[in-house]
Amino acid sequence: MSTTTDSKVRIQLEDFSVTDEIEVMKKVSRNIGGITTFLGTGRELSKGENITQLNFEHYPKMAEKKLEEIRLKAIKDYGIIDMSIIHRIGPIEIGENIVLIVAVGEHRKETFVACEWAIAELKRTTPIWKRETTSSGEVWVQDTP
Amino acid sequence: MITIKFFASLKTIAEMEEKIIEVSNSISMDQLSEIISKTSPKMGEFIREKKVMISVNEEMADSDTIIHDGDEVAFLPPFSGGS
């Protein structure tokens, strides 16, 4: 598991500060004029059932590699200046942070598009799995709404 | 030696997280599924019916991929990261 805080792509057990992560990305360039963030958090209701806890598992090394591929492709294809992607693993309570994507660019338009593409691509290509605990028991989520 | 890893729901189906097998030559995915079927018939069925994704050395692979001595093969259920 990568826990180095200077990396722009991280998978970690501990929570992150959205403010701190944005500040880090603001320092990347003096040409940044727009920043778009996506913050995914633990939702209580899933398919009509109350979730009491979430738990995320990943494939170490491959998951980090996929996130770095997403970051580099977002920079190349959408013309943003940079991107950071942080995903938590382990037990996560309702309302807690799960994933943060920060896209920084000269203008807002490319950062919106890059951020939306990156979260969809993360769900599609990155070996991370979510297990939900409800009153009925524990279940591995097999789809990505 | 080939290292085989199972993740998330597949750990329950395979009844293991990791398996190491010794091979003298490269093997096909079909041969690997036969080996896995001996200890976990249900997992072998999942592989044959292509109900799982496969990676070899952390890159996505398919049923035609040849597995070599020293490779790491992982069986991956559908991803559900994000939020």
# chains A, B, ... in the order shown; residues from 1 in each chain; ligands from 1
$ interface_residues --of "chain B" --to "chain A" --cutoff "7 Å" --atoms "only C-alpha atoms" --output "short mmCIF file (atom, residue, chain, number, x, y, z; two decimals) with N, CA and C atoms, in the first residue's frame"
data_model
loop_
_atom_site.label_atom_id
_atom_site.label_comp_id
_atom_site.auth_asym_id
_atom_site.auth_seq_id
_atom_site.Cartn_x
_atom_site.Cartn_y
_atom_site.Cartn_z
N ALA B 8 -11.50 -10.23 -3.10
CA ALA B 8 -12.88 -9.90 -2.73
C ALA B 8 -13.75 -11.17 -2.67
N SER B 9 -14.87 -11.19 -3.42
CA SER B 9 -15.80 -12.33 -3.33
C SER B 9 -15.16 -13.64 -3.78
N GLU B 58 0.01 -8.03 -13.15
CA GLU B 58 -0.68 -6.75 -12.95
C GLU B 58 -1.17 -6.09 -14.23
N PRO B 78 -15.84 -8.25 -10.66
CA PRO B 78 -16.10 -6.89 -11.15
C PRO B 78 -15.72 -5.84 -10.11
N PHE B 79 -15.09 -4.78 -10.59
CA PHE B 79 -14.60 -3.74 -9.68
C PHE B 79 -15.75 -2.91 -9.11
N SER B 80 -15.55 -2.37 -7.92
CA SER B 80 -16.59 -1.52 -7.32
C SER B 80 -15.97 -0.43 -6.45
N GLY B 81 -14.86 0.11 -6.92
CA GLY B 81 -14.25 1.24 -6.21
C GLY B 81 -15.01 2.52 -6.51
N GLY B 82 -14.49 3.61 -6.01
CA GLY B 82 -15.18 4.89 -6.16
C GLY B 82 -16.00 5.14 -4.92
N SER B 83 -17.28 5.33 -5.08
CA SER B 83 -18.10 5.56 -3.89
C SER B 83 -19.50 5.04 -4.13
#
$ select_by_dssp --residues "chain A" --states "alpha helix (DSSP H)" --output "PDB file with C-alpha atoms, in the first residue's frame"
ATOM      1  CA  VAL A  18      -9.643  17.817   1.044  1.00  0.00           C
ATOM      2  CA  THR A  19      -8.324  21.313   1.816  1.00  0.00           C
ATOM      3  CA  ASP A  20      -4.738  20.097   2.206  1.00  0.00           C
ATOM      4  CA  GLU A  21      -4.913  18.073  -1.003  1.00  0.00           C
ATOM      5  CA  ILE A  22      -6.217  21.075  -2.963  1.00  0.00           C
ATOM      6  CA  GLU A  23      -3.475  23.280  -1.508  1.00  0.00           C
ATOM      7  CA  VAL A  24      -0.832  20.771  -2.629  1.00  0.00           C
ATOM      8  CA  MET A  25      -2.229  20.823  -6.177  1.00  0.00           C
ATOM      9  CA  LYS A  26      -2.456  24.654  -6.251  1.00  0.00           C
ATOM     10  CA  MET A  62      -1.927  -3.006  -9.759  1.00  0.00           C
ATOM     11  CA  ALA A  63      -4.473  -0.550  -8.318  1.00  0.00           C
ATOM     12  CA  GLU A  64      -1.833   2.169  -7.870  1.00  0.00           C
ATOM     13  CA  LYS A  65      -0.572   1.474 -11.394  1.00  0.00           C
ATOM     14  CA  LYS A  66      -4.084   1.906 -12.828  1.00  0.00           C
ATOM     15  CA  LEU A  67      -4.615   5.172 -10.937  1.00  0.00           C
ATOM     16  CA  GLU A  68      -1.322   6.523 -12.293  1.00  0.00           C
ATOM     17  CA  GLU A  69      -2.377   5.503 -15.825  1.00  0.00           C
ATOM     18  CA  ILE A  70      -5.649   7.417 -15.332  1.00  0.00           C
ATOM     19  CA  ARG A  71      -3.762  10.485 -14.070  1.00  0.00           C
ATOM     20  CA  LEU A  72      -1.336  10.518 -17.001  1.00  0.00           C
ATOM     21  CA  LYS A  73      -4.074   9.944 -19.598  1.00  0.00           C
ATOM     22  CA  ALA A  74      -6.212  12.732 -18.090  1.00  0.00           C
ATOM     23  CA  ILE A  75      -3.276  15.142 -18.383  1.00  0.00           C
ATOM     24  CA  LYS A  76      -2.514  14.050 -21.952  1.00  0.00           C
ATOM     25  CA  ASP A  77      -6.041  13.765 -23.364  1.00  0.00           C
ATOM     26  CA  TYR A  78      -7.806  16.667 -21.631  1.00  0.00           C
ATOM     27  CA  ARG A 108     -12.427  25.310 -15.759  1.00  0.00           C
ATOM     28  CA  LYS A 109     -13.781  23.442 -18.777  1.00  0.00           C
ATOM     29  CA  GLU A 110     -11.015  20.860 -19.161  1.00  0.00           C
ATOM     30  CA  THR A 111     -10.875  20.218 -15.404  1.00  0.00           C
ATOM     31  CA  PHE A 112     -14.625  19.415 -15.234  1.00  0.00           C
ATOM     32  CA  VAL A 113     -14.375  16.968 -18.129  1.00  0.00           C
ATOM     33  CA  ALA A 114     -11.158  15.355 -16.892  1.00  0.00           C
ATOM     34  CA  CYS A 115     -12.526  14.895 -13.377  1.00  0.00           C
ATOM     35  CA  GLU A 116     -15.724  13.233 -14.551  1.00  0.00           C
ATOM     36  CA  TRP A 117     -13.805  10.971 -16.946  1.00  0.00           C
ATOM     37  CA  ALA A 118     -11.314  10.006 -14.221  1.00  0.00           C
ATOM     38  CA  ILE A 119     -13.901   8.795 -11.688  1.00  0.00           C
ATOM     39  CA  ALA A 120     -15.706   6.770 -14.362  1.00  0.00           C
ATOM     40  CA  GLU A 121     -12.401   5.274 -15.499  1.00  0.00           C
ATOM     41  CA  LEU A 122     -11.411   4.491 -11.906  1.00  0.00           C
ATOM     42  CA  LYS A 123     -14.629   2.528 -11.422  1.00  0.00           C
ATOM     43  CA  ARG A 124     -14.094   0.706 -14.721  1.00  0.00           C
ATOM     44  CA  THR A 125     -10.403  -0.192 -14.585  1.00  0.00           C
TER      45      THR A 125
END
$ atom_distance --atom1 "CA of Lys42 in chain B" --atom2 "CA of Ile54 in chain B"
16.0 Å
$ atom_distance --atom1 "CA of Lys8 in chain A" --atom2 "CA of Val102 in chain A"
9.5 Å
$ closest_residue --among "A:Asp82, A:Asp15, A:Glu44, A:Glu93" --to "Val28 in chain A" --atoms "only C-alpha atoms"
A:Asp82
$ residues_around --residues "Gln53 in chain A" --least-positions-apart "3" --cutoff "8 Å" --atoms "only C-alpha atoms" --output "short mmCIF file (atom, residue, chain, number, x, y, z; two decimals) with C-alpha atoms, in the first residue's frame"
data_model
loop_
_atom_site.label_atom_id
_atom_site.label_comp_id
_atom_site.auth_asym_id
_atom_site.auth_seq_id
_atom_site.Cartn_x
_atom_site.Cartn_y
_atom_site.Cartn_z
CA PRO A 91 -13.31 0.07 7.03
CA ILE A 92 -15.14 3.31 6.25
CA GLU A 93 -18.06 4.69 8.22
CA ILE A 94 -21.12 6.35 6.69
CA GLU A 132 -21.25 -3.35 2.35
CA THR A 133 -22.46 -4.39 5.79
CA THR A 134 -26.21 -4.20 6.36
#
$ atom_distance --atom1 "CA of Ser84 in chain A" --atom2 "CA of Phe16 in chain A"
12.3 Å
$ select_by_dssp --residues "chain A" --states "strand (DSSP E or B)" --output "PyMOL selection string"
chain A and resi 9-12+34-41+45-46+49-58+82-88+90-92+97-105+128-134+137-140
$ write_last_selection --atoms "C-alpha atoms" --output "PDB file, in the first residue's frame"
ATOM      1  CA  VAL A   9      -1.742   8.878  -6.644  1.00  0.00           C
ATOM      2  CA  ARG A  10      -2.330   7.181  -3.315  1.00  0.00           C
ATOM      3  CA  ILE A  11      -4.268   4.305  -1.802  1.00  0.00           C
ATOM      4  CA  GLN A  12      -4.351   4.562   1.955  1.00  0.00           C
ATOM      5  CA  GLY A  34      -9.513  26.338 -12.399  1.00  0.00           C
ATOM      6  CA  ILE A  35      -9.751  23.398 -10.018  1.00  0.00           C
ATOM      7  CA  THR A  36     -12.426  20.698 -10.101  1.00  0.00           C
ATOM      8  CA  THR A  37     -12.722  18.116  -7.328  1.00  0.00           C
ATOM      9  CA  PHE A  38     -14.759  14.962  -6.980  1.00  0.00           C
ATOM     10  CA  LEU A  39     -15.227  13.682  -3.437  1.00  0.00           C
ATOM     11  CA  GLY A  40     -16.912  10.308  -2.987  1.00  0.00           C
ATOM     12  CA  THR A  41     -18.290   9.583   0.487  1.00  0.00           C
ATOM     13  CA  LEU A  45     -28.744   3.777   1.711  1.00  0.00           C
ATOM     14  CA  SER A  46     -28.017   1.152  -0.950  1.00  0.00           C
ATOM     15  CA  GLU A  49     -31.088  -1.214   2.714  1.00  0.00           C
ATOM     16  CA  ASN A  50     -29.327   0.751   5.416  1.00  0.00           C
ATOM     17  CA  ILE A  51     -25.587   0.265   5.345  1.00  0.00           C
ATOM     18  CA  THR A  52     -23.824   0.246   8.681  1.00  0.00           C
ATOM     19  CA  GLN A  53     -20.272   0.049   7.356  1.00  0.00           C
ATOM     20  CA  LEU A  54     -18.262  -0.085   4.148  1.00  0.00           C
ATOM     21  CA  ASN A  55     -15.003  -1.892   3.620  1.00  0.00           C
ATOM     22  CA  PHE A  56     -12.716  -1.488   0.628  1.00  0.00           C
ATOM     23  CA  GLU A  57     -10.082  -3.924  -0.594  1.00  0.00           C
ATOM     24  CA  HIS A  58      -7.577  -3.400  -3.415  1.00  0.00           C
ATOM     25  CA  ASP A  82      -2.142  17.945 -13.267  1.00  0.00           C
ATOM     26  CA  MET A  83      -4.390  15.581 -11.315  1.00  0.00           C
ATOM     27  CA  SER A  84      -4.270  13.811  -7.963  1.00  0.00           C
ATOM     28  CA  ILE A  85      -6.257  10.704  -7.058  1.00  0.00           C
ATOM     29  CA  ILE A  86      -6.563   9.379  -3.509  1.00  0.00           C
ATOM     30  CA  HIS A  87      -8.628   6.318  -2.588  1.00  0.00           C
ATOM     31  CA  ARG A  88      -9.090   4.914   0.892  1.00  0.00           C
ATOM     32  CA  GLY A  90     -10.257  -0.677   4.883  1.00  0.00           C
ATOM     33  CA  PRO A  91     -13.309   0.068   7.028  1.00  0.00           C
ATOM     34  CA  ILE A  92     -15.139   3.306   6.248  1.00  0.00           C
ATOM     35  CA  ASN A  97     -14.354  10.253   2.717  1.00  0.00           C
ATOM     36  CA  ILE A  98     -13.697   7.434   0.242  1.00  0.00           C
ATOM     37  CA  VAL A  99     -12.124   8.909  -2.867  1.00  0.00           C
ATOM     38  CA  LEU A 100     -10.847  12.317  -3.941  1.00  0.00           C
ATOM     39  CA  ILE A 101      -9.920  13.469  -7.424  1.00  0.00           C
ATOM     40  CA  VAL A 102      -8.436  16.931  -7.919  1.00  0.00           C
ATOM     41  CA  ALA A 103      -8.006  18.194 -11.492  1.00  0.00           C
ATOM     42  CA  VAL A 104      -6.150  21.467 -12.004  1.00  0.00           C
ATOM     43  CA  GLY A 105      -5.938  23.372 -15.274  1.00  0.00           C
ATOM     44  CA  ILE A 128     -10.752  -1.952  -5.880  1.00  0.00           C
ATOM     45  CA  TRP A 129     -13.748  -3.699  -4.320  1.00  0.00           C
ATOM     46  CA  LYS A 130     -16.428  -2.518  -1.906  1.00  0.00           C
ATOM     47  CA  ARG A 131     -18.081  -4.661   0.742  1.00  0.00           C
ATOM     48  CA  GLU A 132     -21.250  -3.355   2.346  1.00  0.00           C
ATOM     49  CA  THR A 133     -22.457  -4.387   5.793  1.00  0.00           C
ATOM     50  CA  THR A 134     -26.211  -4.202   6.363  1.00  0.00           C
ATOM     51  CA  GLY A 137     -25.117  -9.360   6.494  1.00  0.00           C
ATOM     52  CA  GLU A 138     -22.094  -8.549   4.359  1.00  0.00           C
ATOM     53  CA  VAL A 139     -22.062  -8.405   0.566  1.00  0.00           C
ATOM     54  CA  TRP A 140     -19.399  -7.611  -2.020  1.00  0.00           C
TER      55      TRP A 140
END
$ residues_around --residues "Ser37 in chain B" --least-positions-apart "3" --cutoff "12 Å" --atoms "only C-alpha atoms" --output "VMD selection string"
chain B and resid 13 to 15 30 to 34 40 to 48
$ residues_around --residues "Ser24 in chain B" --least-positions-apart "2" --cutoff "8 Å" --atoms "only C-alpha atoms" --output "JSON, numbers by chain"
{"B": [22, 26, 69]}
$ residues_around --residues "Ile2 in chain B" --least-positions-apart "6" --cutoff "10 Å" --atoms "only C-alpha atoms" --output "list in words"
Lys19, Ile20, Ile21, Glu22, Val23, Ser26, Ile27, Leu32, Ile67, His68, Asp69, Gly70, Asp71, Glu72 and Val73 of chain B
